[in-house]
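coords30.cif follows (mmCIF, C-alpha atoms):
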```cif
data_target
#
loop_
_atom_site.label_atom_id
_atom_site.label_comp_id
_atom_site.auth_asym_id
_atom_site.auth_seq_id
_atom_site.Cartn_x
_atom_site.Cartn_y
_atom_site.Cartn_z
CA ASP A 3 13.04 164.78 1.57
CA GLY A 4 12.83 161.01 1.58
CA GLY A 5 16.06 159.29 0.80
CA ILE A 6 19.30 157.67 1.81
CA THR A 7 22.13 159.68 3.31
CA GLN A 8 25.67 158.38 3.28
CA SER A 9 28.48 160.12 5.13
CA PRO A 10 31.18 161.08 4.82
CA LYS A 11 31.35 161.47 1.05
CA TYR A 12 35.14 161.32 1.09
CA LEU A 13 37.29 159.65 3.72
CA PHE A 14 41.01 159.14 4.02
CA ARG A 15 42.46 156.51 6.29
CA LYS A 16 45.89 155.46 7.33
CA GLU A 17 46.73 151.81 7.15
CA GLY A 18 45.79 149.98 10.32
CA GLN A 19 42.89 152.24 11.21
CA ASN A 20 39.25 151.21 11.41
CA VAL A 21 36.73 153.55 9.83
CA THR A 22 32.95 153.62 9.97
CA LEU A 23 30.74 154.70 7.07
CA SER A 24 27.29 155.93 7.92
CA CYS A 25 24.07 155.08 6.08
CA GLU A 26 20.75 156.55 7.20
CA GLN A 27 17.39 156.16 5.46
CA ASN A 28 13.97 157.72 6.03
CA LEU A 29 12.16 155.63 3.42
CA ASN A 30 10.90 153.18 6.05
CA HIS A 31 12.40 150.34 4.03
CA ASP A 32 13.04 147.02 5.73
CA ALA A 33 16.11 145.80 3.87
CA MET A 34 19.46 147.57 3.66
CA TYR A 35 22.63 146.68 1.77
CA TRP A 36 26.29 147.65 1.47
CA TYR A 37 28.06 147.31 -1.84
CA ARG A 38 31.64 147.93 -2.84
CA GLN A 39 32.56 149.31 -6.27
CA ASP A 40 36.07 149.32 -7.69
CA PRO A 41 37.05 151.39 -10.76
CA GLY A 42 35.46 150.03 -13.93
CA GLN A 43 33.78 147.27 -12.00
CA GLY A 44 30.29 146.28 -11.02
CA LEU A 45 28.98 146.23 -7.48
CA ARG A 46 29.89 143.50 -5.04
CA LEU A 47 27.73 142.79 -2.00
CA ILE A 48 29.42 143.14 1.39
CA TYR A 49 26.57 142.74 3.91
CA TYR A 50 22.80 142.97 3.93
CA SER A 51 20.10 143.22 6.56
CA GLN A 52 16.46 142.23 6.17
CA ILE A 53 15.33 143.39 9.57
CA VAL A 54 16.54 145.14 12.70
CA ASN A 55 19.10 143.17 14.73
CA ASP A 56 19.74 140.75 11.87
CA PHE A 57 22.29 140.86 9.06
CA GLN A 58 23.94 138.44 6.67
CA LYS A 59 27.32 138.25 4.94
CA GLY A 60 27.47 138.95 1.24
CA ASP A 61 30.13 137.86 -1.23
CA ILE A 62 33.03 139.90 0.19
CA ALA A 63 32.36 140.32 3.94
CA GLU A 64 35.91 139.61 5.14
CA GLY A 65 37.42 142.66 6.82
CA TYR A 66 34.08 144.41 7.25
CA SER A 67 31.50 144.56 10.04
CA VAL A 68 27.99 146.00 10.33
CA SER A 69 25.22 146.56 12.85
CA ARG A 70 21.46 147.13 12.51
CA GLU A 71 20.22 148.47 15.82
CA LYS A 72 17.65 150.76 14.23
CA LYS A 73 15.56 150.39 11.09
CA GLU A 74 16.88 153.69 9.79
CA SER A 75 20.60 153.00 10.21
CA PHE A 76 23.07 150.45 8.83
CA PRO A 77 26.68 151.57 9.49
CA LEU A 78 29.61 149.77 7.89
CA THR A 79 32.97 149.48 9.61
CA VAL A 80 36.00 148.86 7.45
CA THR A 81 38.51 147.18 9.71
CA SER A 82 42.28 146.97 9.50
CA ALA A 83 41.80 143.35 8.41
CA GLN A 84 40.48 144.50 5.03
CA LYS A 85 43.57 144.20 2.81
CA ASN A 86 42.54 146.55 0.03
CA PRO A 87 39.89 148.93 1.35
CA THR A 88 40.31 151.78 -1.15
CA ALA A 89 37.00 151.79 -3.04
CA PHE A 90 33.64 153.47 -3.53
CA TYR A 91 31.05 152.21 -1.03
CA LEU A 92 27.35 152.31 -1.78
CA CYS A 93 24.46 151.82 0.62
CA ALA A 94 21.08 150.73 -0.75
CA THR A 95 17.62 149.88 0.51
CA HIS A 96 14.77 147.64 -0.58
CA ARG A 97 11.14 148.29 0.29
CA ASN A 98 10.88 144.66 1.40
CA PHE A 99 13.04 141.63 0.95
CA ASN A 100 11.10 140.29 -1.95
CA THR A 101 11.48 141.96 -5.26
CA GLY A 102 11.65 145.34 -6.88
CA GLU A 103 14.16 148.08 -7.22
CA LEU A 104 17.02 149.11 -5.00
CA PHE A 105 17.35 152.71 -3.87
CA PHE A 106 20.93 153.94 -3.54
CA GLY A 107 22.71 156.59 -1.55
CA GLU A 108 25.30 158.86 -3.15
CA GLY A 109 28.23 156.78 -1.99
CA SER A 110 31.33 157.21 0.16
CA ARG A 111 34.80 157.13 -1.36
CA LEU A 112 37.42 155.67 0.97
CA THR A 113 41.09 156.12 0.25
CA VAL A 114 43.80 154.43 2.27
CA LEU A 115 47.01 156.42 2.41
CA SER B 103 28.71 134.18 -7.79
CA GLN B 104 26.81 134.38 -11.07
CA GLN B 105 26.92 137.72 -12.75
CA GLY B 106 25.46 139.55 -15.68
CA GLU B 107 27.95 140.78 -18.22
CA GLU B 108 27.31 143.90 -20.27
CA ASP B 109 28.43 144.39 -23.81
CA PRO B 110 30.00 146.61 -25.05
CA GLN B 111 32.16 147.85 -22.19
CA ALA B 112 32.18 151.31 -23.74
CA LEU B 113 30.01 152.99 -26.35
CA SER B 114 30.37 156.41 -27.90
CA ILE B 115 27.63 157.88 -30.09
CA GLN B 116 26.41 161.21 -31.42
CA GLU B 117 23.45 163.02 -29.89
CA GLY B 118 20.22 161.91 -31.52
CA GLU B 119 21.45 158.40 -32.28
CA ASN B 120 20.14 155.30 -30.56
CA ALA B 121 22.26 153.40 -28.03
CA THR B 122 21.96 149.67 -27.48
CA MET B 123 23.55 147.80 -24.59
CA ASN B 124 23.38 144.08 -24.00
CA CYS B 125 23.48 141.94 -20.88
CA SER B 126 24.06 138.21 -20.70
CA TYR B 127 23.60 136.08 -17.59
CA LYS B 128 24.17 132.50 -16.59
CA THR B 129 21.28 131.14 -14.54
CA SER B 130 17.51 131.40 -14.52
CA ILE B 131 16.29 134.67 -13.08
CA ASN B 132 13.28 136.08 -11.26
CA ASN B 133 13.76 139.46 -12.85
CA LEU B 134 16.41 141.64 -14.49
CA GLN B 135 16.91 145.32 -13.75
CA TRP B 136 18.80 148.14 -15.42
CA TYR B 137 20.46 150.94 -13.48
CA ARG B 138 22.24 154.12 -14.44
CA GLN B 139 25.21 155.69 -12.63
CA ASN B 140 26.58 159.14 -13.28
CA SER B 141 30.26 159.51 -12.50
CA GLY B 142 30.93 159.49 -8.76
CA ARG B 143 27.25 159.15 -7.85
CA GLY B 144 24.89 156.44 -6.65
CA LEU B 145 22.92 154.18 -8.95
CA VAL B 146 19.44 155.05 -10.14
CA HIS B 147 16.92 152.39 -11.10
CA LEU B 148 15.68 152.61 -14.68
CA ILE B 149 13.49 149.63 -15.38
CA LEU B 150 12.66 146.12 -14.18
CA ILE B 151 11.58 143.27 -16.44
CA ARG B 152 10.24 140.04 -15.01
CA SER B 153 11.16 136.60 -16.31
CA ASN B 154 7.72 136.15 -17.91
CA GLU B 155 7.93 139.44 -19.81
CA ARG B 156 9.60 139.92 -23.17
CA GLU B 157 9.63 143.67 -23.63
CA LYS B 158 9.09 146.78 -21.57
CA HIS B 159 9.09 150.49 -22.33
CA SER B 160 9.66 153.54 -20.21
CA GLY B 161 9.93 156.86 -22.00
CA ARG B 162 12.92 156.64 -24.35
CA LEU B 163 13.97 153.30 -22.87
CA ARG B 164 13.11 149.91 -24.28
CA VAL B 165 14.21 146.71 -22.59
CA THR B 166 13.92 143.23 -24.04
CA LEU B 167 14.46 139.91 -22.34
CA ASP B 168 15.17 136.59 -24.03
CA THR B 169 15.23 133.91 -21.35
CA SER B 170 16.10 131.18 -23.86
CA LYS B 171 19.32 133.02 -24.69
CA LYS B 172 19.75 134.37 -21.16
CA SER B 173 20.17 137.87 -22.46
CA SER B 174 18.64 141.32 -22.24
CA SER B 175 19.11 144.54 -24.14
CA LEU B 176 18.58 148.17 -23.22
CA LEU B 177 17.81 150.58 -26.03
CA ILE B 178 17.95 154.33 -25.46
CA THR B 179 16.37 156.18 -28.35
CA ALA B 180 17.20 159.70 -29.50
CA SER B 181 20.09 159.96 -27.06
CA ARG B 182 21.08 163.20 -25.38
CA ALA B 183 24.36 164.40 -23.89
CA ALA B 184 22.71 164.04 -20.48
CA ASP B 185 22.43 160.28 -21.08
CA THR B 186 26.21 160.01 -20.66
CA ALA B 187 26.66 157.59 -17.76
CA SER B 188 27.44 153.98 -16.90
CA TYR B 189 24.62 151.51 -17.30
CA PHE B 190 24.43 148.30 -15.29
CA CYS B 191 22.23 145.26 -15.53
CA ALA B 192 21.40 143.42 -12.33
CA THR B 193 19.91 139.96 -12.07
CA ASP B 194 17.68 138.67 -9.31
CA TYR B 195 18.18 134.94 -9.54
CA SER B 196 18.45 133.38 -6.12
CA SER B 197 16.04 132.48 -3.37
CA ALA B 198 17.94 134.99 -1.24
CA ARG B 199 16.65 137.69 -3.63
CA GLN B 200 20.00 139.41 -3.88
CA LEU B 201 20.81 141.43 -6.97
CA THR B 202 24.01 140.60 -8.81
CA PHE B 203 25.46 143.40 -10.91
CA GLY B 204 27.46 143.31 -14.11
CA SER B 205 30.51 145.49 -14.74
CA GLY B 206 28.58 148.04 -16.79
CA THR B 207 28.62 149.82 -20.13
CA GLN B 208 30.10 153.31 -20.21
CA LEU B 209 27.98 155.37 -22.61
CA THR B 210 29.26 158.66 -23.95
CA VAL B 211 26.88 160.81 -25.97
CA LEU B 212 28.69 163.50 -27.92
CA PRO B 213 26.89 166.80 -28.50
#
```
With the file now loaded, output its structure as structure tokens.
Amino acid sequence: DGGITQSPKYLFRKEGQNVTLSCEQNLNHDAMYWYRQDPGQGLRLIYYSQIVNDFQKGDIAEGYSVSREKKESFPLTVTSAQKNPTAFYLCATHRNFNTGELFFGEGSRLTVL
Amino acid sequence: SQQGEEDPQALSIQEGENATMNCSYKTSINNLQWYRQNSGRGLVHLILIRSNEREKHSGRLRVTLDTSKKSSSLLITASRAADTASYFCATDYSSARQLTFGSGTQLTVLP
């Protein structure tokens, strides 16, 4: 099936630990995005990538890092520098970096204990 | 950053009734999109309306866009319990072609 796979779906982290959220797509889409969603809120853009080996900061990049070594993969690392990391994280893709709809994964819920 | 704002924040209706949600935004846009999110799931694209369009239909969905008022509305006709979800508008307004999402309308359709 074509789609976007995020893993893990649920993740618990102790304070001070880095964690990496996986996002894999087989849609052959160029652009990939990471969004953060807090309860009752809209989505806020963390990082995006238009092409392999290139990525740009979004509105709330502090405390996060990404890589784009392969077209299919765009992992997000939540570092210990992120002060309030408990949230729902959504990965999305765009067919090309022009216009049109975003395709979303099912999300990863991170809880800091 | 600029953001669309949905109104109302929450809406509860009976099955069979129509549901109307509104979105207001602040700057000129390239297009406006509506998405649906079931609880704990990812978002699903519903419909896209371009800045030069005024109305669009897709099944039971009707979207209007008034660029002079910087607002859009999403109408779901003959609602069903399965329409219960959060609905978000997203605006594409910048040269960077990033979508900016509102905080959503929580729709509950009672059987």
Rank B:Val211, B:Thr179, B:Lys172, B:Arg164 by their smallest atom-to-atom distance to Gly106 (chain B), using all atoms listed in the file, and report the top residue only. B:Lys172
Suppose a student applies the PyMOL selection byres ((chain B) within 7 of (chain A)) to this structure; what residues should they get, written as JSON, numbers by chain? {"B": [143, 144, 145, 146, 147, 199, 203, 204, 205, 206]}
Evaluate the PyMOL selection byres ((chain A and resi 77) around 8) on the structure here and hand back the selected residues as a PyMOL selection string. chain A and resi 22-25+68-70+75-76+78-79
Do you know which residues are at most 12 Å from Leu113 (chain B) counting only C-alpha atoms, after dropping those on the same chain fewer than 5 positions away, and could you put them as number ranges by chain? B: 108, 119-124, 185-189, 206-212
So which residues are close to (43.9, 144.9, 0.6), meaning at most 12 Å away in the file's coordinates with only C-alpha atoms counted, and can you show them as a list in words?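 The residues that fall inside the cut-off are Glu17, Gly18, Ile62, Glu64, Gly65, Tyr66, Val80, Thr81, Ser82, Ala83, Gln84, Lys85, Asn86, Pro87, Thr88, Ala89, Thr113 and Val114 of chain A.
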For the structure shown, which residues end up in the PyMOL selection byres ((chain B and resi 150) around 10)? Put them as a ChimeraX atom specification, please? /A:101-103 /B:133-137,147-149,151-153,155,158-159,165,191-193
Take the residues from that selection and put them in a file with C-alpha atoms, as an mmCIF file, keeping the file's coordinate frame.
```
data_model
loop_
_atom_site.group_PDB
_atom_site.id
_atom_site.type_symbol
_atom_site.label_atom_id
_atom_site.label_comp_id
_atom_site.auth_asym_id
_atom_site.auth_seq_id
_atom_site.Cartn_x
_atom_site.Cartn_y
_atom_site.Cartn_z
ATOM 1 C CA THR A 101 11.480 141.960 -5.260
ATOM 2 C CA GLY A 102 11.650 145.340 -6.880
ATOM 3 C CA GLU A 103 14.160 148.080 -7.220
ATOM 4 C CA ASN B 133 13.760 139.460 -12.850
ATOM 5 C CA LEU B 134 16.410 141.640 -14.490
ATOM 6 C CA GLN B 135 16.910 145.320 -13.750
ATOM 7 C CA TRP B 136 18.800 148.140 -15.420
ATOM 8 C CA TYR B 137 20.460 150.940 -13.480
ATOM 9 C CA HIS B 147 16.920 152.390 -11.100
ATOM 10 C CA LEU B 148 15.680 152.610 -14.680
ATOM 11 C CA ILE B 149 13.490 149.630 -15.380
ATOM 12 C CA ILE B 151 11.580 143.270 -16.440
ATOM 13 C CA ARG B 152 10.240 140.040 -15.010
ATOM 14 C CA SER B 153 11.160 136.600 -16.310
ATOM 15 C CA GLU B 155 7.930 139.440 -19.810
ATOM 16 C CA LYS B 158 9.090 146.780 -21.570
ATOM 17 C CA HIS B 159 9.090 150.490 -22.330
ATOM 18 C CA VAL B 165 14.210 146.710 -22.590
ATOM 19 C CA CYS B 191 22.230 145.260 -15.530
ATOM 20 C CA ALA B 192 21.400 143.420 -12.330
ATOM 21 C CA THR B 193 19.910 139.960 -12.070
#
```
By how many Å are CA of Ser130 (chain B) and CA of Thr202 (chain B) apart?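 For CA of Ser130 (chain B) relative to CA of Thr202 (chain B), the distance reads 12.6 Å.
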Atom-to-atom span, CA of Leu29 (chain A) and CA of His96 (chain A), Å: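 These two atoms are separated by 9.3 Å.
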For the atom pair CA of Glu71 (chain A) and CA of Asp194 (chain B), what is the interatomic distance in Å to one decimal place?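 Between CA of Glu71 (chain A) and CA of Asp194 (chain B) the gap is 27.1 Å.
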Using all atoms listed in the file: which of A:Ile6, A:Val21, A:Met34, A:Leu13 has the shortest distance to Val54 (chain A):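 Residue with the minimum atom-to-atom distance to Val54 (chain A): A:Met34.
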Save region 19-34 of chain A from what I just supplied, as a JSON list (two decimals), in the first residue's frame, atoms limited to all heavy atoms.
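So the final result, stored in selection.json, reads:
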```
[["chain", "number", "residue", "atom", "x", "y", "z"],
["A", 19, "GLN", "N", 16.45, 12.82, 27.88],
["A", 19, "GLN", "CA", 16.75, 11.85, 26.84],
["A", 19, "GLN", "C", 16.38, 12.40, 25.46],
["A", 19, "GLN", "O", 15.38, 13.08, 25.32],
["A", 19, "GLN", "CB", 15.96, 10.56, 27.07],
["A", 19, "GLN", "CG", 16.44, 9.73, 28.22],
["A", 19, "GLN", "CD", 15.63, 8.45, 28.36],
["A", 19, "GLN", "OE1", 14.48, 8.39, 27.93],
["A", 19, "GLN", "NE2", 16.22, 7.43, 28.96],
["A", 20, "ASN", "N", 17.20, 12.06, 24.47],
["A", 20, "ASN", "CA", 16.82, 12.33, 23.08],
["A", 20, "ASN", "C", 15.99, 11.16, 22.58],
["A", 20, "ASN", "O", 16.23, 10.01, 22.95],
["A", 20, "ASN", "CB", 18.07, 12.47, 22.20],
["A", 20, "ASN", "CG", 18.88, 13.70, 22.54],
["A", 20, "ASN", "OD1", 18.50, 14.52, 23.38],
["A", 20, "ASN", "ND2", 20.02, 13.83, 21.89],
["A", 21, "VAL", "N", 15.03, 11.46, 21.72],
["A", 21, "VAL", "CA", 14.27, 10.40, 21.06],
["A", 21, "VAL", "C", 14.14, 10.72, 19.59],
["A", 21, "VAL", "O", 14.10, 11.90, 19.21],
["A", 21, "VAL", "CB", 12.87, 10.20, 21.68],
["A", 21, "VAL", "CG1", 12.97, 9.70, 23.10],
["A", 21, "VAL", "CG2", 12.07, 11.48, 21.60],
["A", 22, "THR", "N", 14.07, 9.67, 18.77],
["A", 22, "THR", "CA", 13.93, 9.85, 17.33],
["A", 22, "THR", "C", 12.62, 9.23, 16.87],
["A", 22, "THR", "O", 12.34, 8.06, 17.15],
["A", 22, "THR", "CB", 15.11, 9.24, 16.57],
["A", 22, "THR", "OG1", 16.31, 9.92, 16.96],
["A", 22, "THR", "CG2", 14.91, 9.37, 15.07],
["A", 23, "LEU", "N", 11.84, 10.03, 16.14],
["A", 23, "LEU", "CA", 10.59, 9.57, 15.54],
["A", 23, "LEU", "C", 10.84, 9.29, 14.07],
["A", 23, "LEU", "O", 11.46, 10.10, 13.37],
["A", 23, "LEU", "CB", 9.50, 10.63, 15.71],
["A", 23, "LEU", "CG", 9.27, 11.15, 17.13],
["A", 23, "LEU", "CD1", 8.17, 12.20, 17.14],
["A", 23, "LEU", "CD2", 8.95, 10.01, 18.07],
["A", 24, "SER", "N", 10.33, 8.16, 13.63],
["A", 24, "SER", "CA", 10.57, 7.75, 12.25],
["A", 24, "SER", "C", 9.40, 8.14, 11.36],
["A", 24, "SER", "O", 8.24, 8.10, 11.77],
["A", 24, "SER", "CB", 10.74, 6.23, 12.20],
["A", 24, "SER", "OG", 10.75, 5.76, 10.87],
["A", 25, "CYS", "N", 9.73, 8.54, 10.12],
["A", 25, "CYS", "CA", 8.72, 8.80, 9.10],
["A", 25, "CYS", "C", 9.24, 8.25, 7.77],
["A", 25, "CYS", "O", 10.30, 8.69, 7.29],
["A", 25, "CYS", "CB", 8.41, 10.29, 8.97],
["A", 25, "CYS", "SG", 7.19, 10.65, 7.68],
["A", 26, "GLU", "N", 8.52, 7.29, 7.22],
["A", 26, "GLU", "CA", 8.89, 6.67, 5.95],
["A", 26, "GLU", "C", 7.72, 6.79, 4.98],
["A", 26, "GLU", "O", 6.57, 6.57, 5.36],
["A", 26, "GLU", "CB", 9.21, 5.19, 6.15],
["A", 26, "GLU", "CG", 10.34, 4.92, 7.14],
["A", 26, "GLU", "CD", 11.72, 5.13, 6.54],
["A", 26, "GLU", "OE1", 11.86, 4.97, 5.31],
["A", 26, "GLU", "OE2", 12.65, 5.48, 7.30],
["A", 27, "GLN", "N", 8.03, 7.13, 3.71],
["A", 27, "GLN", "CA", 6.96, 7.24, 2.72],
["A", 27, "GLN", "C", 7.34, 6.49, 1.44],
["A", 27, "GLN", "O", 8.51, 6.47, 1.05],
["A", 27, "GLN", "CB", 6.66, 8.72, 2.41],
["A", 27, "GLN", "CG", 7.85, 9.52, 1.93],
["A", 27, "GLN", "CD", 7.82, 9.92, 0.48],
["A", 27, "GLN", "OE1", 6.96, 9.46, -0.29],
["A", 27, "GLN", "NE2", 8.75, 10.79, 0.07],
["A", 28, "ASN", "N", 6.35, 5.88, 0.81],
["A", 28, "ASN", "CA", 6.57, 5.21, -0.47],
["A", 28, "ASN", "C", 5.70, 5.82, -1.56],
["A", 28, "ASN", "O", 5.33, 5.14, -2.52],
["A", 28, "ASN", "CB", 6.33, 3.70, -0.35],
["A", 28, "ASN", "CG", 4.92, 3.38, 0.08],
["A", 28, "ASN", "OD1", 4.07, 4.26, 0.19],
["A", 28, "ASN", "ND2", 4.65, 2.11, 0.33],
["A", 29, "LEU", "N", 5.39, 7.11, -1.37],
["A", 29, "LEU", "CA", 4.58, 7.83, -2.35],
["A", 29, "LEU", "C", 5.43, 8.50, -3.42],
["A", 29, "LEU", "O", 4.90, 9.08, -4.37],
["A", 29, "LEU", "CB", 3.74, 8.90, -1.64],
["A", 29, "LEU", "CG", 2.78, 8.37, -0.57],
["A", 29, "LEU", "CD1", 2.19, 9.53, 0.23],
["A", 29, "LEU", "CD2", 1.68, 7.56, -1.23],
["A", 30, "ASN", "N", 6.75, 8.45, -3.25],
["A", 30, "ASN", "CA", 7.69, 9.10, -4.17],
["A", 30, "ASN", "C", 7.49, 10.62, -4.19],
["A", 30, "ASN", "O", 7.70, 11.28, -5.22],
["A", 30, "ASN", "CB", 7.58, 8.54, -5.60],
["A", 30, "ASN", "CG", 8.83, 8.84, -6.42],
["A", 30, "ASN", "OD1", 9.94, 8.88, -5.89],
["A", 30, "ASN", "ND2", 8.65, 9.06, -7.70],
["A", 31, "HIS", "N", 7.08, 11.16, -3.05],
["A", 31, "HIS", "CA", 6.90, 12.61, -2.94],
["A", 31, "HIS", "C", 8.20, 13.29, -2.59],
["A", 31, "HIS", "O", 9.02, 12.76, -1.84],
["A", 31, "HIS", "CB", 5.85, 12.93, -1.87],
["A", 31, "HIS", "CG", 4.46, 12.61, -2.31],
["A", 31, "HIS", "ND1", 3.38, 12.74, -1.47],
["A", 31, "HIS", "CD2", 3.97, 12.16, -3.49],
["A", 31, "HIS", "CE1", 2.28, 12.40, -2.12],
["A", 31, "HIS", "NE2", 2.62, 12.04, -3.34],
["A", 32, "ASP", "N", 8.39, 14.48, -3.16],
["A", 32, "ASP", "CA", 9.63, 15.21, -2.94],
["A", 32, "ASP", "C", 9.70, 15.84, -1.54],
["A", 32, "ASP", "O", 10.71, 15.79, -0.87],
["A", 32, "ASP", "CB", 9.79, 16.32, -3.98],
["A", 32, "ASP", "CG", 10.06, 15.75, -5.37],
["A", 32, "ASP", "OD1", 10.82, 14.78, -5.48],
["A", 32, "ASP", "OD2", 9.49, 16.29, -6.34],
["A", 33, "ALA", "N", 8.62, 16.51, -1.15],
["A", 33, "ALA", "CA", 8.66, 17.32, 0.06],
["A", 33, "ALA", "C", 8.11, 16.55, 1.26],
["A", 33, "ALA", "O", 7.11, 15.83, 1.15],
["A", 33, "ALA", "CB", 7.85, 18.61, -0.14],
["A", 34, "MET", "N", 8.75, 16.73, 2.40],
["A", 34, "MET", "CA", 8.31, 16.11, 3.64],
["A", 34, "MET", "C", 8.32, 17.14, 4.76],
["A", 34, "MET", "O", 9.14, 18.08, 4.74],
["A", 34, "MET", "CB", 9.19, 14.91, 4.00],
["A", 34, "MET", "CG", 9.14, 13.81, 2.95],
["A", 34, "MET", "SD", 10.02, 12.31, 3.43],
["A", 34, "MET", "CE", 8.91, 11.62, 4.67]]
```
